[in-house]
file structure-v4.cif (mmCIF, C-alpha atoms and all ligand atoms)
data_final
loop_
_atom_site.group_PDB
_atom_site.id
_atom_site.type_symbol
_atom_site.label_atom_id
_atom_site.label_comp_id
_atom_site.auth_asym_id
_atom_site.auth_seq_id
_atom_site.Cartn_x
_atom_site.Cartn_y
_atom_site.Cartn_z
ATOM 1 C CA MET A 53 0.000 0.000 0.000
ATOM 2 C CA GLY A 54 2.311 2.735 -1.246
ATOM 3 C CA LYS A 55 5.014 1.251 0.914
ATOM 4 C CA LYS A 56 7.382 0.072 -1.759
ATOM 5 C CA LYS A 57 7.202 3.466 -3.403
ATOM 6 C CA LYS A 58 8.471 5.177 -0.294
ATOM 7 C CA ASP A 59 11.441 2.848 0.020
ATOM 8 C CA LYS A 60 13.873 4.494 -2.352
ATOM 9 C CA ASP A 61 14.125 7.825 -0.623
ATOM 10 C CA ARG A 62 13.473 6.484 2.822
ATOM 11 C CA ASP A 63 16.723 4.849 3.777
ATOM 12 C CA GLY A 64 18.957 7.876 3.387
ATOM 13 C CA LYS A 65 16.465 10.219 4.961
ATOM 14 C CA LYS A 66 15.885 7.870 7.829
ATOM 15 C CA ALA A 67 19.535 7.503 8.715
ATOM 16 C CA ARG A 68 19.937 11.274 8.836
ATOM 17 C CA ARG A 69 16.886 11.821 10.965
ATOM 18 C CA LYS A 70 18.164 9.288 13.425
ATOM 19 C CA ASP A 71 21.474 11.100 13.857
ATOM 20 C CA GLU A 72 19.989 14.538 14.057
ATOM 21 C CA GLU A 73 17.096 14.119 16.374
ATOM 22 C CA GLY A 74 16.267 10.479 16.880
ATOM 23 C CA SER A 75 17.621 10.236 20.381
ATOM 24 C CA GLY A 76 16.004 13.526 21.452
ATOM 25 C CA ALA A 77 16.796 14.186 25.085
ATOM 26 C CA ALA A 78 17.423 10.552 25.914
ATOM 27 C CA SER A 79 19.833 10.373 28.797
ATOM 28 C CA GLY A 80 22.011 7.642 27.290
ATOM 29 C CA THR A 81 20.707 4.721 29.343
ATOM 30 C CA PRO A 82 18.527 2.454 27.198
ATOM 31 C CA PHE A 83 14.884 2.612 28.260
ATOM 32 C CA SER A 84 14.875 -1.181 28.500
ATOM 33 C CA ASP A 85 17.637 -1.121 31.082
ATOM 34 C CA ALA A 86 16.053 1.679 33.082
ATOM 35 C CA LEU A 87 12.641 -0.008 33.213
ATOM 36 C CA ARG A 88 13.366 -3.763 33.330
ATOM 37 C CA VAL A 89 12.057 -5.645 36.370
ATOM 38 C CA GLY A 90 14.787 -7.560 38.158
ATOM 39 C CA ASP A 91 15.288 -9.267 41.500
ATOM 40 C CA GLY A 92 13.928 -7.380 44.479
ATOM 41 C CA PHE A 93 11.636 -5.195 42.391
ATOM 42 C CA VAL A 94 9.035 -3.301 44.428
ATOM 43 C CA LEU A 95 6.154 -1.843 42.430
ATOM 44 C CA ALA A 96 5.175 0.537 45.221
ATOM 45 C CA ASP A 97 8.643 2.136 44.945
ATOM 46 C CA VAL A 98 8.125 3.132 41.294
ATOM 47 C CA ASP A 99 7.138 6.798 40.973
ATOM 48 C CA PRO A 100 4.375 6.919 38.317
ATOM 49 C CA ARG A 101 5.385 10.487 37.395
ATOM 50 C CA ALA A 102 9.059 9.685 36.858
ATOM 51 C CA THR A 103 10.641 9.752 33.384
ATOM 52 C CA PRO A 104 13.584 7.295 33.536
ATOM 53 C CA ALA A 105 16.063 7.353 30.625
ATOM 54 C CA PHE A 106 14.678 10.690 29.383
ATOM 55 C CA ASP A 107 15.781 14.152 30.465
ATOM 56 C CA GLY A 108 13.493 16.232 28.276
ATOM 57 C CA ASP A 109 10.123 17.821 28.890
ATOM 58 C CA LYS A 110 6.732 17.022 27.379
ATOM 59 C CA GLN A 111 7.429 18.880 24.153
ATOM 60 C CA ALA A 112 10.791 17.149 23.692
ATOM 61 C CA GLY A 113 9.142 13.827 24.478
ATOM 62 C CA LYS A 114 6.480 14.308 21.836
ATOM 63 C CA GLU A 115 9.105 15.286 19.279
ATOM 64 C CA ALA A 116 11.265 12.271 20.148
ATOM 65 C CA LEU A 117 8.251 10.012 19.661
ATOM 66 C CA LEU A 118 7.580 11.345 16.175
ATOM 67 C CA ALA A 119 11.262 11.334 15.274
ATOM 68 C CA ALA A 120 11.517 7.600 15.908
ATOM 69 C CA ASP A 121 8.508 6.610 13.790
ATOM 70 C CA ALA A 122 10.536 6.210 10.629
ATOM 71 C CA GLU A 123 13.059 3.858 12.193
ATOM 72 C CA LEU A 124 10.293 1.786 13.735
ATOM 73 C CA ASP A 125 8.584 1.551 10.380
ATOM 74 C CA ASP A 126 11.837 0.528 8.708
ATOM 75 C CA LEU A 127 12.631 -2.197 11.233
ATOM 76 C CA GLN A 128 9.096 -3.571 11.033
ATOM 77 C CA GLU A 129 9.429 -3.815 7.269
ATOM 78 C CA ARG A 130 12.744 -5.645 7.592
ATOM 79 C CA LEU A 131 11.132 -8.092 10.016
ATOM 80 C CA TYR A 132 8.308 -8.684 7.572
ATOM 81 C CA ALA A 133 10.613 -8.978 4.574
ATOM 82 C CA GLY A 134 12.728 -11.528 6.423
ATOM 83 C CA SER A 135 9.703 -13.733 6.983
ATOM 84 C CA LYS A 136 8.996 -13.784 3.240
ATOM 85 C CA GLU A 137 12.409 -15.408 2.855
ATOM 86 C CA GLY A 138 11.715 -18.013 5.515
ATOM 87 C CA GLY A 139 12.550 -16.057 8.669
ATOM 88 C CA THR A 140 10.598 -17.207 11.716
ATOM 89 C CA ARG A 141 11.221 -14.245 14.020
ATOM 90 C CA ARG A 142 8.131 -12.413 15.345
ATOM 91 C CA VAL A 143 7.520 -9.908 18.085
ATOM 92 C CA LEU A 144 4.879 -9.941 20.794
ATOM 93 C CA LEU A 145 4.280 -6.765 22.767
ATOM 94 C CA VAL A 146 2.069 -7.359 25.805
ATOM 95 C CA ILE A 147 0.472 -4.265 27.340
ATOM 96 C CA GLN A 148 -1.086 -4.440 30.798
ATOM 97 C CA GLY A 149 -2.232 -1.740 33.184
ATOM 98 C CA MET A 150 -5.086 -0.566 35.357
ATOM 99 C CA ASP A 151 -8.157 1.038 33.766
ATOM 100 C CA THR A 152 -7.243 4.442 32.233
ATOM 101 C CA SER A 153 -3.512 3.625 32.317
ATOM 102 C CA GLY A 154 -3.246 4.523 28.630
ATOM 103 C CA LYS A 155 -3.320 1.192 26.819
ATOM 104 C CA GLY A 156 -5.467 2.662 24.057
ATOM 105 C CA GLY A 157 -3.049 5.542 23.588
ATOM 106 C CA ILE A 158 -0.195 3.075 23.080
ATOM 107 C CA MET A 159 -2.232 1.359 20.367
ATOM 108 C CA ARG A 160 -2.961 4.667 18.611
ATOM 109 C CA HIS A 161 0.281 6.577 19.033
ATOM 110 C CA VAL A 162 2.954 3.869 19.078
ATOM 111 C CA VAL A 163 1.581 0.841 17.262
ATOM 112 C CA GLY A 164 -0.565 3.051 15.012
ATOM 113 C CA ALA A 165 2.558 4.562 13.478
ATOM 114 C CA VAL A 166 3.612 1.191 12.074
ATOM 115 C CA ASP A 167 2.290 -0.270 8.802
ATOM 116 C CA PRO A 168 -1.053 -1.871 9.760
ATOM 117 C CA GLN A 169 -0.215 -4.813 7.496
ATOM 118 C CA GLY A 170 2.701 -5.688 9.759
ATOM 119 C CA THR A 171 0.928 -5.430 13.084
ATOM 120 C CA GLN A 172 -1.791 -7.473 14.670
ATOM 121 C CA ILE A 173 -3.548 -6.032 17.735
ATOM 122 C CA THR A 174 -5.709 -8.222 19.963
ATOM 123 C CA ALA A 175 -7.749 -6.778 22.848
ATOM 124 C CA PHE A 176 -8.667 -9.354 25.469
ATOM 125 C CA LYS A 177 -11.993 -8.848 27.233
ATOM 126 C CA ALA A 178 -13.745 -11.056 29.774
ATOM 127 C CA PRO A 179 -13.733 -14.544 28.193
ATOM 128 C CA THR A 180 -16.703 -15.517 26.038
ATOM 129 C CA ALA A 181 -18.708 -18.663 26.752
ATOM 130 C CA GLU A 182 -16.644 -20.498 24.143
ATOM 131 C CA GLU A 183 -13.347 -19.275 25.546
ATOM 132 C CA LYS A 184 -14.389 -20.344 29.027
ATOM 133 C CA GLU A 185 -14.683 -23.919 27.842
ATOM 134 C CA HIS A 186 -10.961 -23.989 27.100
ATOM 135 C CA PRO A 187 -7.804 -23.603 29.188
ATOM 136 C CA PHE A 188 -6.964 -19.935 29.750
ATOM 137 C CA LEU A 189 -4.092 -19.955 27.247
ATOM 138 C CA TRP A 190 -6.281 -21.226 24.409
ATOM 139 C CA ARG A 191 -7.391 -17.802 23.182
ATOM 140 C CA ILE A 192 -3.892 -16.453 23.712
ATOM 141 C CA ARG A 193 -2.284 -19.103 21.505
ATOM 142 C CA ARG A 194 -4.779 -18.360 18.749
ATOM 143 C CA ALA A 195 -3.785 -14.699 18.775
ATOM 144 C CA LEU A 196 0.005 -15.174 18.588
ATOM 145 C CA PRO A 197 1.697 -13.268 15.761
ATOM 146 C CA GLU A 198 2.739 -15.043 12.585
ATOM 147 C CA PRO A 199 6.432 -14.920 11.572
ATOM 148 C CA GLY A 200 7.354 -11.404 10.449
ATOM 149 C CA MET A 201 4.552 -9.771 12.412
ATOM 150 C CA ILE A 202 4.472 -7.514 15.438
ATOM 151 C CA GLY A 203 1.640 -8.811 17.617
ATOM 152 C CA VAL A 204 0.293 -6.516 20.305
ATOM 153 C CA PHE A 205 -1.884 -7.643 23.193
ATOM 154 C CA ASP A 206 -4.132 -5.045 24.845
ATOM 155 C CA ARG A 207 -4.484 -7.066 28.082
ATOM 156 C CA SER A 208 -3.374 -10.671 27.950
ATOM 157 C CA HIS A 209 -3.032 -14.017 29.743
ATOM 158 C CA TYR A 210 -1.975 -11.965 32.761
ATOM 159 C CA GLU A 211 -5.618 -11.017 33.340
ATOM 160 C CA ASP A 212 -5.945 -14.646 34.425
ATOM 161 C CA VAL A 213 -3.761 -13.901 37.464
ATOM 162 C CA LEU A 214 -4.940 -10.276 37.903
ATOM 163 C CA VAL A 215 -8.710 -9.719 37.661
ATOM 164 C CA VAL A 216 -9.202 -13.452 38.175
ATOM 165 C CA ARG A 217 -7.094 -13.427 41.347
ATOM 166 C CA VAL A 218 -8.601 -10.235 42.748
ATOM 167 C CA HIS A 219 -12.130 -11.601 42.356
ATOM 168 C CA ASP A 220 -11.391 -15.313 42.736
ATOM 169 C CA LEU A 221 -13.129 -15.928 39.414
ATOM 170 C CA VAL A 222 -11.699 -19.435 39.629
ATOM 171 C CA PRO A 223 -10.728 -21.255 42.849
ATOM 172 C CA PRO A 224 -7.436 -19.954 44.317
ATOM 173 C CA ALA A 225 -5.733 -23.317 43.839
ATOM 174 C CA GLN A 226 -6.374 -22.904 40.127
ATOM 175 C CA TRP A 227 -5.101 -19.355 39.619
ATOM 176 C CA LYS A 228 -2.088 -20.072 41.821
ATOM 177 C CA ARG A 229 -0.939 -22.744 39.373
ATOM 178 C CA ARG A 230 -1.075 -20.290 36.506
ATOM 179 C CA TYR A 231 2.148 -18.442 37.306
ATOM 180 C CA ALA A 232 4.139 -21.585 36.555
ATOM 181 C CA THR A 233 1.964 -22.349 33.531
ATOM 182 C CA ILE A 234 2.611 -18.858 32.175
ATOM 183 C CA ASN A 235 6.365 -19.187 32.720
ATOM 184 C CA ASP A 236 6.435 -22.465 30.791
ATOM 185 C CA PHE A 237 4.308 -20.996 28.027
ATOM 186 C CA GLU A 238 6.508 -17.930 27.655
ATOM 187 C CA GLN A 239 9.684 -20.015 27.736
ATOM 188 C CA GLY A 240 8.228 -21.915 24.789
ATOM 189 C CA LEU A 241 7.486 -18.694 22.944
ATOM 190 C CA VAL A 242 11.006 -17.409 23.381
ATOM 191 C CA GLU A 243 12.393 -20.733 22.120
ATOM 192 C CA ASP A 244 10.035 -20.418 19.175
ATOM 193 C CA ASP A 245 11.612 -17.165 17.912
ATOM 194 C CA VAL A 246 9.160 -14.823 19.607
ATOM 195 C CA THR A 247 10.689 -11.612 20.897
ATOM 196 C CA LEU A 248 8.477 -11.159 23.933
ATOM 197 C CA ILE A 249 8.153 -7.682 25.423
ATOM 198 C CA LYS A 250 5.901 -7.337 28.462
ATOM 199 C CA VAL A 251 4.971 -3.826 29.548
ATOM 200 C CA MET A 252 2.988 -2.660 32.555
ATOM 201 C CA LEU A 253 1.722 0.921 32.377
ATOM 202 C CA HIS A 254 1.968 2.069 35.984
ATOM 203 C CA ILE A 255 -0.381 4.880 37.033
ATOM 204 C CA SER A 256 -1.136 6.271 40.474
ATOM 205 C CA ALA A 257 -4.543 6.038 42.107
ATOM 206 C CA ASP A 258 -4.755 9.842 42.036
ATOM 207 C CA GLU A 259 -4.134 9.978 38.299
ATOM 208 C CA GLN A 260 -6.745 7.292 37.690
ATOM 209 C CA LYS A 261 -9.258 9.387 39.593
ATOM 210 C CA VAL A 262 -8.509 12.398 37.381
ATOM 211 C CA ARG A 263 -8.836 10.311 34.218
ATOM 212 C CA LEU A 264 -12.071 8.648 35.300
ATOM 213 C CA MET A 265 -13.528 12.039 36.274
ATOM 214 C CA GLU A 266 -12.591 13.375 32.853
ATOM 215 C CA ARG A 267 -14.452 10.500 31.253
ATOM 216 C CA LEU A 268 -17.513 11.489 33.281
ATOM 217 C CA GLU A 269 -17.246 15.209 32.663
ATOM 218 C CA ARG A 270 -16.793 15.025 28.903
ATOM 219 C CA PRO A 271 -19.692 13.722 26.807
ATOM 220 C CA ASP A 272 -17.208 12.677 24.110
ATOM 221 C CA LYS A 273 -15.581 10.370 26.674
ATOM 222 C CA HIS A 274 -18.677 8.820 28.195
ATOM 223 C CA TRP A 275 -18.338 5.861 25.848
ATOM 224 C CA LYS A 276 -15.042 5.016 27.503
ATOM 225 C CA PHE A 277 -16.550 5.008 30.981
ATOM 226 C CA ASN A 278 -17.921 1.889 32.504
ATOM 227 C CA PRO A 279 -19.558 2.134 35.965
ATOM 228 C CA GLY A 280 -17.823 -1.158 36.721
ATOM 229 C CA ASP A 281 -14.505 0.751 36.579
ATOM 230 C CA LEU A 282 -15.443 2.285 39.946
ATOM 231 C CA ASP A 283 -16.046 -1.162 41.431
ATOM 232 C CA GLU A 284 -12.605 -2.169 40.197
ATOM 233 C CA ARG A 285 -11.093 0.996 41.640
ATOM 234 C CA GLU A 286 -12.304 -0.114 45.068
ATOM 235 C CA HIS A 287 -9.917 -3.048 44.704
ATOM 236 C CA TRP A 288 -6.914 -0.844 43.892
ATOM 237 C CA THR A 289 -4.708 -2.300 46.635
ATOM 238 C CA ASP A 290 -5.594 -5.869 45.692
ATOM 239 C CA TYR A 291 -4.641 -5.131 42.096
ATOM 240 C CA GLN A 292 -1.321 -3.618 43.101
ATOM 241 C CA GLU A 293 -0.610 -6.787 45.102
ATOM 242 C CA ALA A 294 -1.620 -8.936 42.159
ATOM 243 C CA TYR A 295 0.739 -6.965 39.874
ATOM 244 C CA GLN A 296 3.531 -7.283 42.434
ATOM 245 C CA ALA A 297 2.982 -11.057 42.470
ATOM 246 C CA VAL A 298 3.267 -11.096 38.671
ATOM 247 C CA MET A 299 6.561 -9.202 38.862
ATOM 248 C CA ASP A 300 7.842 -11.540 41.595
ATOM 249 C CA ARG A 301 6.892 -14.744 39.824
ATOM 250 C CA CYS A 302 6.805 -14.086 36.077
ATOM 251 C CA SER A 303 9.784 -11.872 35.289
ATOM 252 C CA PRO A 304 12.649 -14.308 34.583
ATOM 253 C CA PRO A 305 15.668 -12.977 32.645
ATOM 254 C CA HIS A 306 14.442 -14.460 29.346
ATOM 255 C CA ALA A 307 10.977 -12.888 29.677
ATOM 256 C CA PRO A 308 11.241 -9.841 31.916
ATOM 257 C CA TRP A 309 8.590 -7.212 32.556
ATOM 258 C CA PHE A 310 9.134 -3.538 31.908
ATOM 259 C CA VAL A 311 7.264 -1.249 34.286
ATOM 260 C CA VAL A 312 6.641 2.108 32.640
ATOM 261 C CA PRO A 313 5.654 5.099 34.788
ATOM 262 C CA ALA A 314 2.449 6.238 33.088
ATOM 263 C CA ASP A 315 1.026 9.275 34.888
ATOM 264 C CA ARG A 316 2.546 11.307 32.048
ATOM 265 C CA LYS A 317 1.034 9.944 28.867
ATOM 266 C CA TRP A 318 3.706 11.418 26.618
ATOM 267 C CA TYR A 319 6.434 9.627 28.582
ATOM 268 C CA ALA A 320 4.655 6.277 28.645
ATOM 269 C CA ARG A 321 4.199 6.363 24.859
ATOM 270 C CA LEU A 322 7.802 7.307 24.247
ATOM 271 C CA ALA A 323 9.078 4.658 26.660
ATOM 272 C CA VAL A 324 7.043 1.851 25.097
ATOM 273 C CA GLN A 325 8.104 2.917 21.613
ATOM 274 C CA GLN A 326 11.761 3.006 22.634
ATOM 275 C CA ILE A 327 11.599 -0.371 24.381
ATOM 276 C CA LEU A 328 10.104 -1.837 21.211
ATOM 277 C CA LEU A 329 12.747 -0.131 19.071
ATOM 278 C CA GLU A 330 15.589 -1.318 21.274
ATOM 279 C CA HIS A 331 14.373 -4.899 20.959
ATOM 280 C CA LEU A 332 13.977 -4.632 17.182
ATOM 281 C CA ARG A 333 17.458 -3.137 16.823
ATOM 282 C CA GLY A 334 18.806 -6.030 18.866
ATOM 283 C CA LEU A 335 17.513 -8.478 16.253
ATOM 284 C CA ASP A 336 19.966 -7.080 13.690
ATOM 285 C CA LEU A 337 17.362 -7.339 10.939
ATOM 286 C CA GLN A 338 18.864 -7.418 7.444
ATOM 287 C CA TRP A 339 17.121 -7.016 4.119
ATOM 288 C CA PRO A 340 16.885 -10.471 2.555
ATOM 289 C CA GLU A 341 19.102 -11.025 -0.439
ATOM 290 C CA ALA A 342 17.430 -11.324 -3.821
ATOM 291 C CA ASP A 343 16.930 -14.934 -4.883
ATOM 292 C CA PHE A 344 16.996 -13.887 -8.547
ATOM 293 C CA ASP A 345 19.678 -12.452 -10.802
ATOM 294 C CA VAL A 346 19.336 -8.688 -10.258
ATOM 295 C CA GLU A 347 21.651 -7.707 -13.130
ATOM 296 C CA ALA A 348 20.000 -9.998 -15.629
ATOM 297 C CA ASN A 349 16.583 -8.638 -14.694
ATOM 298 C CA LYS A 350 17.809 -5.045 -14.952
ATOM 299 C CA GLN A 351 19.149 -5.681 -18.431
ATOM 300 C CA ARG A 352 15.989 -7.427 -19.495
ATOM 301 C CA LEU A 353 13.827 -4.574 -18.226
ATOM 302 C CA ALA A 354 16.020 -1.907 -19.767
ATOM 303 C CA ALA A 355 15.593 -3.558 -23.132
ATOM 304 C CA MET A 356 11.802 -3.665 -22.931
HETATM 305 P P1 LIG B 1 -11.385 -2.872 28.561
HETATM 306 O O1 LIG B 1 -9.929 -3.189 28.393
HETATM 307 O O2 LIG B 1 -11.637 -1.565 29.244
HETATM 308 O O3 LIG B 1 -12.148 -3.014 27.301
HETATM 309 O O4 LIG B 1 -11.990 -3.947 29.577
HETATM 310 C C1 LIG B 1 -11.858 -5.298 29.341
HETATM 311 C C2 LIG B 1 -12.321 -6.027 30.587
HETATM 312 O O5 LIG B 1 -12.169 -7.406 30.378
HETATM 313 C C3 LIG B 1 -11.536 -5.651 31.821
HETATM 314 O O6 LIG B 1 -12.418 -5.345 32.865
HETATM 315 C C4 LIG B 1 -10.760 -6.918 32.130
HETATM 316 O O7 LIG B 1 -10.511 -7.096 33.494
HETATM 317 C C5 LIG B 1 -11.676 -7.975 31.571
HETATM 318 N N1 LIG B 1 -10.945 -9.207 31.288
HETATM 319 C C6 LIG B 1 -9.944 -9.380 30.404
HETATM 320 N N2 LIG B 1 -9.462 -10.637 30.470
HETATM 321 C C7 LIG B 1 -10.168 -11.261 31.424
HETATM 322 C C8 LIG B 1 -10.158 -12.581 31.970
HETATM 323 N N3 LIG B 1 -9.289 -13.507 31.534
HETATM 324 N N4 LIG B 1 -11.051 -12.891 32.915
HETATM 325 C C9 LIG B 1 -11.925 -11.960 33.354
HETATM 326 N N5 LIG B 1 -11.994 -10.706 32.890
HETATM 327 C C10 LIG B 1 -11.123 -10.350 31.947
HETATM 328 MG MG MG B 2 -12.304 -0.045 30.240
#

call {"tool": "encode", "arguments": {"input": "structure-v4.cif", "output": "structure tokens"}}
result
Amino acid sequence: MGKKKKDKDRDGKKARRKDEEGSGAASGTPFSDALRVGDGFVLADVDPRATPAFDGDKQAGKEALLAADAELDDLQERLYAGSKEGGTRRVLLVIQGMDTSGKGGIMRHVVGAVDPQGTQITAFKAPTAEEKEHPFLWRIRRALPEPGMIGVFDRSHYEDVLVVRVHDLVPPAQWKRRYATINDFEQGLVEDDVTLIKVMLHISADEQKVRLMERLERPDKHWKFNPGDLDEREHWTDYQEAYQAVMDRCSPPHAPWFVVPADRKWYARLAVQQILLEHLRGLDLQWPEADFDVEANKQRLAAM
């Protein structure tokens, strides 16, 4: 869709943009390193207004986000092109967070900047009757990205140890087993050429209150409000404990979580974009070599 046309002038332009402004006011530490969950992680110690790995203000953050779009687009296309030549690599970005934490904004402003043909977004709601008849990972497996694709989960299998744990939607003995089940599942994904990136958007209770009130005060946001969100808000502490348990039990070195402070929307979007970019860069994605004789085809075309 117009993509191939852009290619010719893109590469040179892209490289320049990256040098000139791509890193914006980044402090030098990769976002992934600043935000990765390791041993001894304490969610309650993360300041939701902090901006790790970025020294700039809101304006600089918004500019840095836009400046990196081209590189993201380029790397996605390389990933996709590689799969056409038999590459099996794919990316899965999992986004979790409390209501109003900005998951939708990540879909629009970060994932939305990438070619829609190369991305595959799945939003997980409360399981349907059919989904309930299957093990909790059934619907997750069906939504995994194909080789060459960037899959994005708006909520995920983690709901099965978050909302399910907070409300005991299944007996505790059952949800307690799921941490180990999830670790095994994710280990399998990583072995199966999935670059797994798990992001929690971390907002404060105060910021959630502001965002929920905005949804109530603005008629154009009423559609986003669900009275049930207030019931969930009453369980804020239980949810924070459930997230802490996820970080304690499901953040091994091969499939770590990244906790992104999200009270500032501009920062959360930039951080998720940069974490995704850093992972894509790490794949060292090359354009596949032509499996035809380029010179012979040039000569043939020139003579036509
Ligand atoms: P939203 O993301 O605002 O559209 O809301 C989706 C709702 O689906 C949230 O309230 C989630 O807690 C709920 N949900 C997602 N996955 C599950 C699950 N596995 N079990 C129960 N509820 C879920
Ligand atoms: Mg909602």

call {"tool": "resolve_selection", "arguments": {"input": "structure-v4.cif", "expression": "the PyMOL selection byres (((chain A and resi 209-225) around 8) and not hetatm)", "output": "ChimeraX atom specification"}}
result
/A:148,188-189,192,207-208,226-231,234,287,290-291,294-295,298

call {"tool": "write_last_selection", "arguments": {"input": "structure-v4.cif", "atoms": "C-alpha atoms", "output": "CSV table (one decimal), keeping the file's coordinate frame"}}
result
chain,number,residue,atom,x,y,z
A,148,GLN,CA,-1.1,-4.4,30.8
A,188,PHE,CA,-7.0,-19.9,29.8
A,189,LEU,CA,-4.1,-20.0,27.2
A,192,ILE,CA,-3.9,-16.5,23.7
A,207,ARG,CA,-4.5,-7.1,28.1
A,208,SER,CA,-3.4,-10.7,28.0
A,226,GLN,CA,-6.4,-22.9,40.1
A,227,TRP,CA,-5.1,-19.4,39.6
A,228,LYS,CA,-2.1,-20.1,41.8
A,229,ARG,CA,-0.9,-22.7,39.4
A,230,ARG,CA,-1.1,-20.3,36.5
A,231,TYR,CA,2.1,-18.4,37.3
A,234,ILE,CA,2.6,-18.9,32.2
A,287,HIS,CA,-9.9,-3.0,44.7
A,290,ASP,CA,-5.6,-5.9,45.7
A,291,TYR,CA,-4.6,-5.1,42.1
A,294,ALA,CA,-1.6,-8.9,42.2
A,295,TYR,CA,0.7,-7.0,39.9
A,298,VAL,CA,3.3,-11.1,38.7

call {"tool": "atom_distance", "arguments": {"input": "structure-v4.cif", "atom1": "CA of Glu266 (chain A)", "atom2": "CA of Lys110 (chain A)"}}
result
20.4 Å

call {"tool": "residues_near_ligand", "arguments": {"input": "structure-v4.cif", "ligand": "ligand MG 2 (chain B)", "cutoff": "12 Å", "atoms": "all atoms listed in the file", "output": "JSON, numbers by chain"}}
result
{"A": [149, 150, 151, 152, 153, 154, 155, 156, 175, 176, 177, 178, 206, 207, 260, 263, 264, 267, 273, 274, 275, 276, 277, 278, 279, 280, 281, 282, 283, 284, 285]}

call {"tool": "atom_distance", "arguments": {"input": "structure-v4.cif", "atom1": "atom C1 of ligand LIG 1 (chain B)", "atom2": "CA of Val262 (chain A)"}}
result
19.7 Å

call {"tool": "resolve_selection", "arguments": {"input": "structure-v4.cif", "expression": "the PyMOL selection byres (((chain A and resi 106-108) around 9) and not hetatm)", "output": "MDAnalysis selection string"}}
result
chainID A and resid 76:81 83 103:105 109:113 319 323

call {"tool": "closest_residue", "arguments": {"input": "structure-v4.cif", "among": "A:His186, A:Arg352, A:Arg321, A:Lys250", "to": "ligand LIG 1 (chain B)", "atoms": "all atoms listed in the file"}}
result
A:His186

call {"tool": "axis_aligned_box", "arguments": {"input": "structure-v4.cif", "around": "ligand LIG 1 (chain B)", "padding_each_side": "4 Å", "output": "AutoDock Vina command-line options"}}
result
--center_x -10.9 --center_y -7.5 --center_z 30.4 --size_x 11.1 --size_y 19.9 --size_z 14.2

call {"tool": "atom_distance", "arguments": {"input": "structure-v4.cif", "atom1": "CA of Asp315 (chain A)", "atom2": "atom N1 of ligand LIG 1 (chain B)"}}
result
22.3 Å

call {"tool": "residues_near_point", "arguments": {"input": "structure-v4.cif", "point": "(7.9, 9.6, 20.3)", "cutoff": "12 Å", "atoms": "only C-alpha atoms", "output": "ChimeraX atom specification"}}
result
/A:73-78,106,108,110-124,158,161-165,317-329

call {"tool": "closest_residue", "arguments": {"input": "structure-v4.cif", "among": "A:Pro179, A:Pro313, A:Pro271, A:Gly200", "to": "Glu137 (chain A)", "atoms": "only C-alpha atoms"}}
result
A:Gly200

call {"tool": "residues_around", "arguments": {"input": "structure-v4.cif", "residues": "region 96-101 of chain A", "least_positions_apart": "6", "cutoff": "9 Å", "atoms": "all atoms listed in the file", "output": "list in words"}}
result
Leu253, His254, Ile255, Ser256, Gln292, Gln296, Val311, Val312, Pro313, Ala314, Asp315, Arg316 and Tyr319 of chain A

call {"tool": "residues_near_point", "arguments": {"input": "structure-v4.cif", "point": "(9.2, -7.5, 33.5)", "cutoff": "9 Å", "atoms": "all atoms listed in the file", "output": "VMD selection string"}}
result
chain A and resid 87 to 90 249 to 252 298 to 299 302 to 305 307 to 311

call {"tool": "resolve_selection", "arguments": {"input": "structure-v4.cif", "expression": "the PyMOL selection byres (((chain A and resi 203) around 9) and not hetatm)", "output": "ChimeraX atom specification"}}
result
/A:142-146,170-174,195-198,201-202,204-205

call {"tool": "residues_around", "arguments": {"input": "structure-v4.cif", "residues": "Leu335 (chain A)", "least_positions_apart": "5", "cutoff": "12 Å", "atoms": "only C-alpha atoms", "output": "MDAnalysis selection string"}}
result
chainID A and resid 127:128 130:131 134 139 141:143 245:247 328:330

call {"tool": "closest_residue", "arguments": {"input": "structure-v4.cif", "among": "A:Pro187, A:Pro199, A:Pro340, A:Gly334", "to": "ligand LIG 1 (chain B)", "atoms": "all atoms listed in the file"}}
result
A:Pro187

call {"tool": "closest_residue", "arguments": {"input": "structure-v4.cif", "among": "A:Lys184, A:Arg333, A:Arg160, A:Arg301", "to": "ligand LIG 1 (chain B)", "atoms": "all atoms listed in the file"}}
result
A:Lys184
